[in-house]
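What follows is the content of run36.cif, which has mmCIF, C-alpha atoms:
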```cif
data_work
loop_
_atom_site.label_atom_id
_atom_site.label_comp_id
_atom_site.auth_asym_id
_atom_site.auth_seq_id
_atom_site.Cartn_x
_atom_site.Cartn_y
_atom_site.Cartn_z
CA MET A 1 -139.53 -236.92 -27.98
CA LYS A 2 -142.44 -239.36 -27.73
CA GLU A 3 -140.53 -241.84 -29.93
CA ASN A 4 -137.46 -241.43 -27.68
CA ASN A 5 -139.56 -242.05 -24.59
CA TYR A 6 -141.24 -245.10 -26.10
CA SER A 7 -137.99 -246.84 -27.11
CA GLU A 8 -136.40 -246.19 -23.74
CA GLN A 9 -139.48 -247.31 -21.84
CA LEU A 10 -139.38 -250.60 -23.76
CA GLN A 11 -135.84 -251.20 -22.57
CA LYS A 12 -136.54 -249.99 -19.03
CA GLN A 13 -139.45 -252.39 -18.65
CA HIS A 14 -137.49 -255.17 -20.29
CA TYR A 15 -134.48 -254.89 -17.98
CA ASP A 16 -136.57 -254.28 -14.89
CA THR A 17 -138.01 -257.73 -15.65
CA ILE A 18 -134.83 -259.69 -16.44
CA ALA A 19 -132.32 -257.82 -14.24
CA SER A 20 -131.59 -260.68 -11.82
CA GLN A 21 -131.19 -263.26 -14.59
CA TYR A 22 -129.02 -260.87 -16.58
CA ALA A 23 -126.67 -260.15 -13.67
CA SER A 24 -126.25 -263.86 -12.91
CA HIS A 25 -125.32 -264.85 -16.46
CA TYR A 26 -123.39 -261.80 -17.64
CA GLY A 27 -121.61 -261.14 -14.35
CA ASP A 28 -120.34 -264.63 -13.53
CA ILE A 29 -116.60 -265.32 -13.62
CA TRP A 30 -116.60 -266.93 -17.08
CA SER A 31 -118.55 -264.13 -18.73
CA GLN A 32 -116.20 -261.67 -17.03
CA ASN A 33 -113.18 -263.59 -18.31
CA TYR A 34 -114.64 -263.45 -21.80
CA ARG A 35 -115.38 -259.73 -21.55
CA SER A 36 -111.88 -258.97 -20.31
CA LYS A 37 -110.10 -260.89 -23.08
CA PHE A 38 -112.26 -260.19 -26.12
CA ILE A 39 -114.01 -256.90 -25.30
CA ASN A 40 -112.48 -254.75 -22.57
CA GLU A 41 -108.80 -255.20 -23.36
CA PRO A 42 -109.03 -254.53 -27.13
CA MET A 43 -111.67 -251.82 -26.65
CA LEU A 44 -109.57 -249.86 -24.13
CA GLU A 45 -106.12 -250.64 -25.50
CA ASN A 46 -103.57 -247.82 -25.02
CA ILE A 47 -105.99 -245.70 -22.97
CA ASN A 48 -104.66 -244.62 -19.58
CA LEU A 49 -107.61 -244.95 -17.22
CA SER A 50 -105.72 -244.15 -14.03
CA GLY A 51 -107.71 -241.33 -12.44
CA ALA A 52 -109.76 -240.90 -15.62
CA LYS A 53 -113.32 -239.64 -15.19
CA THR A 54 -115.18 -242.46 -16.91
CA ILE A 55 -118.81 -243.16 -17.71
CA ASP A 56 -120.01 -246.76 -17.82
CA ALA A 57 -123.05 -245.95 -19.96
CA LEU A 58 -126.07 -248.26 -20.09
CA CYS A 59 -124.21 -250.02 -17.32
CA GLY A 60 -126.80 -252.52 -16.13
CA SER A 61 -125.64 -253.84 -12.79
CA GLY A 62 -122.02 -252.96 -13.57
CA GLU A 63 -120.48 -255.80 -15.57
CA THR A 64 -117.94 -253.39 -17.11
CA THR A 65 -117.38 -251.21 -14.04
CA ASP A 66 -115.28 -253.84 -12.27
CA TYR A 67 -112.72 -253.81 -15.11
CA LEU A 68 -112.66 -250.00 -15.21
CA LEU A 69 -112.05 -249.77 -11.47
CA LYS A 70 -109.17 -252.24 -11.67
CA LYS A 71 -107.60 -249.91 -14.24
CA GLY A 72 -107.87 -247.00 -11.81
CA ALA A 73 -110.80 -245.15 -13.39
CA GLN A 74 -113.20 -242.90 -11.48
CA VAL A 75 -116.46 -244.47 -12.62
CA THR A 76 -119.97 -243.12 -12.95
CA GLY A 77 -122.60 -245.64 -14.02
CA ILE A 78 -125.76 -244.58 -15.83
CA ASP A 79 -128.75 -246.70 -16.78
CA ILE A 80 -132.44 -246.12 -17.48
CA SER A 81 -133.55 -249.06 -15.29
CA GLN A 82 -133.96 -248.28 -11.60
CA VAL A 83 -133.82 -251.99 -10.79
CA GLU A 84 -130.44 -252.29 -12.53
CA MET A 85 -129.21 -249.11 -10.85
CA ASN A 86 -130.19 -250.45 -7.43
CA HIS A 87 -128.06 -253.54 -8.14
CA TYR A 88 -125.25 -251.30 -9.38
CA GLN A 89 -125.17 -249.18 -6.23
CA LYS A 90 -125.12 -252.26 -4.00
CA ARG A 91 -122.16 -253.68 -5.94
CA TYR A 92 -120.26 -250.40 -6.19
CA PRO A 93 -121.26 -248.13 -3.29
CA HIS A 94 -118.23 -245.90 -3.86
CA CYS A 95 -119.15 -245.20 -7.50
CA ILE A 96 -121.66 -242.61 -8.62
CA GLY A 97 -124.80 -244.17 -10.04
CA ARG A 98 -127.41 -242.23 -11.99
CA CYS A 99 -130.74 -243.59 -13.16
CA THR A 100 -131.08 -241.45 -16.26
CA SER A 101 -131.44 -241.50 -20.03
CA ILE A 102 -128.37 -241.68 -22.25
CA LEU A 103 -130.26 -239.30 -24.55
CA SER A 104 -130.25 -236.56 -21.93
CA THR A 105 -127.92 -237.40 -19.06
CA GLY A 106 -127.86 -234.03 -17.29
CA LEU A 107 -124.09 -234.46 -16.96
CA GLU A 108 -121.58 -231.65 -17.44
CA SER A 109 -120.41 -230.85 -20.98
CA ASN A 110 -116.78 -231.42 -22.04
CA PHE A 111 -115.98 -233.03 -18.70
CA TYR A 112 -115.37 -236.79 -19.01
CA ASP A 113 -112.21 -238.54 -20.20
CA CYS A 114 -113.86 -241.73 -21.39
CA VAL A 115 -117.34 -243.10 -22.11
CA VAL A 116 -117.73 -246.86 -22.42
CA VAL A 117 -120.74 -248.71 -23.82
CA VAL A 118 -120.75 -252.51 -23.95
CA GLY A 119 -123.71 -253.87 -25.87
CA GLY A 120 -126.00 -250.95 -25.13
CA LEU A 121 -126.35 -248.95 -28.34
CA HIS A 122 -128.28 -251.66 -30.17
CA HIS A 123 -130.98 -251.35 -27.50
CA LEU A 124 -131.63 -247.73 -28.45
CA TYR A 125 -133.08 -247.97 -31.96
CA PRO A 126 -134.09 -245.58 -33.46
CA ASN A 127 -132.13 -243.24 -31.17
CA VAL A 128 -128.52 -244.32 -31.61
CA ILE A 129 -127.45 -241.03 -33.23
CA PRO A 130 -128.97 -238.83 -30.48
CA ALA A 131 -127.29 -241.03 -27.86
CA ILE A 132 -123.87 -240.63 -29.45
CA ASN A 133 -124.45 -236.89 -29.74
CA GLU A 134 -125.01 -236.81 -25.98
CA ILE A 135 -121.85 -238.87 -25.44
CA TYR A 136 -119.96 -236.41 -27.65
CA ARG A 137 -121.30 -233.50 -25.60
CA ILE A 138 -120.09 -234.80 -22.23
CA LEU A 139 -116.66 -235.94 -23.46
CA LYS A 140 -113.60 -233.71 -23.30
CA VAL A 141 -111.77 -232.94 -26.52
CA GLY A 142 -109.32 -235.82 -26.83
CA GLY A 143 -111.59 -238.03 -24.74
CA SER A 144 -112.37 -241.59 -25.76
CA PHE A 145 -115.66 -243.18 -26.75
CA CYS A 146 -115.24 -246.95 -26.62
CA PHE A 147 -117.96 -249.40 -27.49
CA MET A 148 -118.82 -252.98 -28.42
CA GLU A 149 -121.96 -253.78 -30.42
CA PRO A 150 -123.48 -256.33 -32.79
CA HIS A 151 -123.11 -254.88 -36.28
CA LYS A 152 -125.49 -254.76 -39.21
CA GLY A 153 -124.90 -256.96 -42.27
CA SER A 154 -123.12 -259.92 -40.69
CA LEU A 155 -124.34 -263.49 -40.95
CA PRO A 156 -124.88 -263.64 -37.18
CA ASP A 157 -126.99 -260.48 -37.45
CA GLN A 158 -129.24 -262.06 -40.06
CA ILE A 159 -129.84 -264.99 -37.70
CA ARG A 160 -130.28 -262.60 -34.77
CA GLN A 161 -133.03 -260.68 -36.56
CA LEU A 162 -135.10 -263.85 -36.77
CA TRP A 163 -134.37 -264.75 -33.15
CA TYR A 164 -135.40 -261.28 -31.93
CA LYS A 165 -138.92 -261.88 -33.21
CA VAL A 166 -139.61 -264.98 -31.15
CA ASP A 167 -137.48 -264.72 -27.99
CA ARG A 168 -138.90 -262.90 -24.97
CA LEU A 169 -135.38 -262.05 -23.79
CA PHE A 170 -135.19 -259.38 -26.51
CA ALA A 171 -137.19 -256.14 -26.66
CA GLU A 172 -138.86 -255.25 -29.94
CA ASN A 173 -136.58 -252.26 -30.69
CA GLU A 174 -133.23 -254.13 -30.54
CA VAL A 175 -131.38 -253.64 -33.83
CA ALA A 176 -127.70 -254.21 -34.68
CA ILE A 177 -125.93 -250.91 -35.32
CA ASP A 178 -125.23 -249.57 -38.81
CA LEU A 179 -121.60 -248.72 -38.16
CA THR A 180 -120.95 -247.39 -41.67
CA GLY A 181 -123.84 -244.94 -41.39
CA ILE A 182 -122.88 -243.90 -37.86
CA LYS A 183 -119.29 -243.19 -38.90
CA LYS A 184 -120.50 -240.98 -41.75
CA GLU A 185 -122.65 -239.04 -39.30
CA PHE A 186 -119.76 -238.46 -36.88
CA SER A 187 -116.79 -238.19 -39.24
CA SER A 188 -116.19 -234.54 -38.27
CA LYS A 189 -116.61 -235.10 -34.53
CA PHE A 190 -114.52 -238.18 -33.82
CA LYS A 191 -111.27 -239.69 -34.98
CA PHE A 192 -111.76 -243.42 -35.52
CA ILE A 193 -108.86 -245.12 -33.75
CA LYS A 194 -109.83 -248.79 -33.76
CA GLU A 195 -112.38 -251.10 -35.37
CA GLU A 196 -112.07 -254.85 -34.76
CA TYR A 197 -114.57 -257.58 -35.60
CA LYS A 198 -114.89 -260.39 -33.09
CA GLY A 199 -117.17 -262.96 -31.53
CA ASN A 200 -117.94 -266.57 -32.38
CA ILE A 201 -118.58 -269.72 -30.36
CA ALA A 202 -117.62 -268.47 -26.89
CA TYR A 203 -119.49 -265.20 -27.44
CA LEU A 204 -122.63 -267.21 -28.05
CA LEU A 205 -122.34 -269.89 -25.39
CA VAL A 206 -120.19 -268.30 -22.68
CA LEU A 207 -121.07 -264.61 -22.68
CA ASN A 208 -124.65 -265.18 -23.87
CA SER A 209 -125.45 -268.25 -21.81
CA LEU A 210 -128.72 -266.61 -20.73
CA ILE A 211 -129.96 -266.34 -24.33
CA PHE A 212 -129.27 -270.01 -24.96
CA ARG A 213 -130.74 -271.02 -21.57
CA LEU A 214 -127.54 -272.78 -20.54
CA PRO A 215 -127.26 -273.60 -16.82
CA LEU A 216 -124.69 -271.58 -14.89
CA GLN A 217 -123.40 -274.79 -13.31
CA ALA A 218 -122.23 -276.02 -16.73
CA LYS A 219 -120.21 -272.93 -17.63
CA PRO A 220 -117.03 -273.94 -15.73
CA ILE A 221 -117.03 -277.19 -17.70
CA TYR A 222 -117.25 -275.87 -21.26
CA SER A 223 -116.06 -272.25 -21.02
CA PRO A 224 -112.25 -272.73 -20.95
CA PHE A 225 -112.35 -274.88 -24.08
CA LEU A 226 -114.68 -272.55 -26.00
CA ILE A 227 -112.65 -269.47 -25.09
CA ASP A 228 -109.54 -271.15 -26.49
CA ILE A 229 -111.44 -272.11 -29.66
CA GLU A 230 -112.69 -268.54 -30.10
CA SER A 231 -109.13 -267.20 -29.88
CA MET A 232 -108.12 -269.43 -32.79
CA ILE A 233 -111.18 -268.82 -34.96
CA GLU A 234 -111.34 -265.02 -34.64
CA LYS A 235 -108.11 -264.56 -36.58
CA TRP A 236 -109.83 -265.85 -39.71
CA GLN A 237 -113.54 -265.04 -39.41
CA GLY A 238 -113.63 -261.44 -40.73
CA LYS A 239 -116.45 -258.88 -40.57
CA ARG A 240 -119.05 -261.02 -42.32
CA PHE A 241 -118.88 -263.90 -39.84
CA SER A 242 -118.25 -261.93 -36.64
CA CYS A 243 -120.88 -261.41 -33.97
CA PHE A 244 -119.79 -257.93 -32.87
CA VAL A 245 -117.48 -255.00 -33.48
CA VAL A 246 -115.19 -253.30 -30.95
CA CYS A 247 -114.49 -249.61 -31.58
CA GLN A 248 -112.39 -246.89 -30.04
CA TRP A 249 -113.03 -243.28 -31.09
CA MET A 250 -111.49 -240.00 -29.95
CA LYS A 251 -113.38 -236.70 -29.73
CA VAL A 252 -111.78 -234.01 -31.94
#
```

What is this structure when it is put down as structure tokens?
Amino acid sequence: MKENNYSEQLQKQHYDTIASQYASHYGDIWSQNYRSKFINEPMLENINLSGAKTIDALCGSGETTDYLLKKGAQVTGIDISQVEMNHYQKRYPHCIGRCTSILSTGLESNFYDCVVVVGGLHHLYPNVIPAINEIYRILKVGGSFCFMEPHKGSLPDQIRQLWYKVDRLFAENEVAIDLTGIKKEFSSKFKFIKEEYKGNIAYLLVLNSLIFRLPLQAKPIYSPFLIDIESMIEKWQGKRFSCFVVCQWMKV
């Protein structure tokens, strides 16, 4: 439990510090356009969210919630950072917001239709498995667990590991997920519906403009071009050269 508390406290302190910067860069219109095209749409493909009880887990200030609401979902956001949750509740006063741990949410078992995590699991090391166990617990049978994460073993991950060590915008326990190992752990609990490898130039410079310290004013100039380039490149890049994986699982 102490290890769990330590890893979560690292992330809580980290996001309490960078919350305003994060919301500005990851919530602007170009980042949202990127998320919709390359993350949300493939991640939630063929899932009917109309009226679905949905958790936006590790939600930050709600960069995924907007998409879920447009699809008709009933959204509850959860995050360990009170600063992020305060931003979330201001943006989405009609949604439920809970400042709580993904390792022990206090939410009802077998109740939710969908749990979505966008870029949150890799902040939980070494507690990814306990987090997914909690997600499994609160999902209904037949419910969907949909997530996007940087994945272990790719060329971008090797570069990322070096960057993590020197950049203050990363906490010390951020580690790309070992998807192969996670799937072995949960092979009897989930049916694996979708696994797509994505992310190249626009992922780096549009979605992650904060990491590269790019000014928000410049994003309207370069983003349309880079998003078009990413669409062409991703057809050929494969797992090894992709920045992240998009998955859709179903609780069995």

Query raised in the report: Do you know which residues the PyMOL selection byres ((chain A and resi 80) around 6) returns on this file, as a VMD selection string?
Result: chain A and resid 12 79 81 99 to 101

Next, the residues of the selection above should be written as a compact mmCIF listing (two decimals), in the frame of the given file with C-alpha atoms.
```
# COMPACT_ATOMS: atom_id res chain seq x y z
CA LYS A 12 -136.54 -249.99 -19.03
CA ASP A 79 -128.75 -246.70 -16.78
CA SER A 81 -133.55 -249.06 -15.29
CA CYS A 99 -130.74 -243.59 -13.16
CA THR A 100 -131.08 -241.45 -16.26
CA SER A 101 -131.44 -241.50 -20.03
```

Query raised in the report: Within 7 Å of Ala52 (chain A), counting all atoms listed in the file, which residues qualify if same-chain residues fewer than 3 places away don't, as number ranges by chain?
Result: A: 49, 73-74, 113

Report task. One decimal, Å: what's the distance from CA of Phe147 (chain A) over to CA of Tyr222 (chain A), could you say? Result -> 27.2 Å

Evaluate the PyMOL selection byres ((chain A and resi 206-208) around 9) and record the selected residues as a PDB file with C-alpha atoms, in the frame of the given file, following the chain and residue labels used in the document.
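The new file expr-v3.pdb reads:
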```pdb
ATOM      1  CA  HIS A  25    -125.320-264.850 -16.460  1.00  0.00           C
ATOM      2  CA  TYR A  26    -123.390-261.800 -17.640  1.00  0.00           C
ATOM      3  CA  TRP A  30    -116.600-266.930 -17.080  1.00  0.00           C
ATOM      4  CA  SER A  31    -118.550-264.130 -18.730  1.00  0.00           C
ATOM      5  CA  GLN A  32    -116.200-261.670 -17.030  1.00  0.00           C
ATOM      6  CA  TYR A  34    -114.640-263.450 -21.800  1.00  0.00           C
ATOM      7  CA  ARG A  35    -115.380-259.730 -21.550  1.00  0.00           C
ATOM      8  CA  ILE A 201    -118.580-269.720 -30.360  1.00  0.00           C
ATOM      9  CA  ALA A 202    -117.620-268.470 -26.890  1.00  0.00           C
ATOM     10  CA  TYR A 203    -119.490-265.200 -27.440  1.00  0.00           C
ATOM     11  CA  LEU A 204    -122.630-267.210 -28.050  1.00  0.00           C
ATOM     12  CA  LEU A 205    -122.340-269.890 -25.390  1.00  0.00           C
ATOM     13  CA  SER A 209    -125.450-268.250 -21.810  1.00  0.00           C
ATOM     14  CA  LEU A 210    -128.720-266.610 -20.730  1.00  0.00           C
ATOM     15  CA  ILE A 211    -129.960-266.340 -24.330  1.00  0.00           C
ATOM     16  CA  PHE A 212    -129.270-270.010 -24.960  1.00  0.00           C
ATOM     17  CA  ARG A 213    -130.740-271.020 -21.570  1.00  0.00           C
ATOM     18  CA  LEU A 214    -127.540-272.780 -20.540  1.00  0.00           C
ATOM     19  CA  LYS A 219    -120.210-272.930 -17.630  1.00  0.00           C
ATOM     20  CA  TYR A 222    -117.250-275.870 -21.260  1.00  0.00           C
ATOM     21  CA  SER A 223    -116.060-272.250 -21.020  1.00  0.00           C
ATOM     22  CA  LEU A 226    -114.680-272.550 -26.000  1.00  0.00           C
ATOM     23  CA  ILE A 227    -112.650-269.470 -25.090  1.00  0.00           C
TER      24      ILE A 227
END
```

Considering all atoms listed in the file, give me a table of residues in region 89-131 of chain A that are at most 7 Å from region 173-187 of chain A, with the closest atom pair and distance in Å for each, as CSV.
```
residue,atom,partner,partner_atom,distance
A:His122,CA,A:Val175,CA,5.2
A:His123,CA,A:Glu174,CA,4.7
A:Leu124,CA,A:Glu174,CA,6.9
A:Tyr125,CA,A:Asn173,CA,5.7
```

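The smallest atom-to-atom distance between Ile96 (chain A) and any of A:Lys70, A:Lys53, A:Arg137, A:Lys191, using all atoms listed in the file, is found for A:Lys53.
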
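The nearest approach to Ser188 (chain A) among the residues A:Ile159, A:Lys152, A:Tyr136, A:Gly27, with only C-alpha atoms taken into account, belongs to A:Tyr136.
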
Show me, as a tab-separated table, the residues of region 120-184 of chain A having an atom within 9 Å of region 231-251 of chain A, each with the closest atom pair and its distance in Å, using all atoms listed in the file.
```
residue	atom	partner	partner_atom	distance
A:Tyr136	CA	A:Lys251	CA	6.9
A:Leu139	CA	A:Lys251	CA	7.1
A:Lys140	CA	A:Lys251	CA	7.1
A:Val141	CA	A:Lys251	CA	5.2
A:Gly142	CA	A:Lys251	CA	5.1
A:Gly143	CA	A:Lys251	CA	5.5
A:Ser144	CA	A:Met250	CA	4.6
A:Phe145	CA	A:Trp249	CA	5.1
A:Cys146	CA	A:Gln248	CA	4.5
A:Phe147	CA	A:Cys247	CA	5.4
A:Met148	CA	A:Val246	CA	4.4
A:Glu149	CA	A:Phe244	CA	5.3
A:Pro150	CA	A:Phe244	CA	4.0
A:His151	CA	A:Phe244	CA	5.7
A:Gly153	CA	A:Arg240	CA	7.1
A:Ser154	CA	A:Arg240	CA	4.5
A:Leu155	CA	A:Phe241	CA	5.6
A:Pro156	CA	A:Cys243	CA	5.6
A:Asp157	CA	A:Cys243	CA	7.1
A:Ala176	CA	A:Phe244	CA	8.9
A:Leu179	CA	A:Val245	CA	8.8
```

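Among the candidates A:Thr76, A:Gln82, A:Gln89, A:Gln161, the one nearest to Ala57 (chain A) when counting all atoms listed in the file is A:Thr76.
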
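Minimum atom-to-atom distance to Ile78 (chain A), evaluated using all atoms listed in the file, belongs to A:Gly60 out of A:Gly60, A:Pro93, A:Gly51, A:Pro220.
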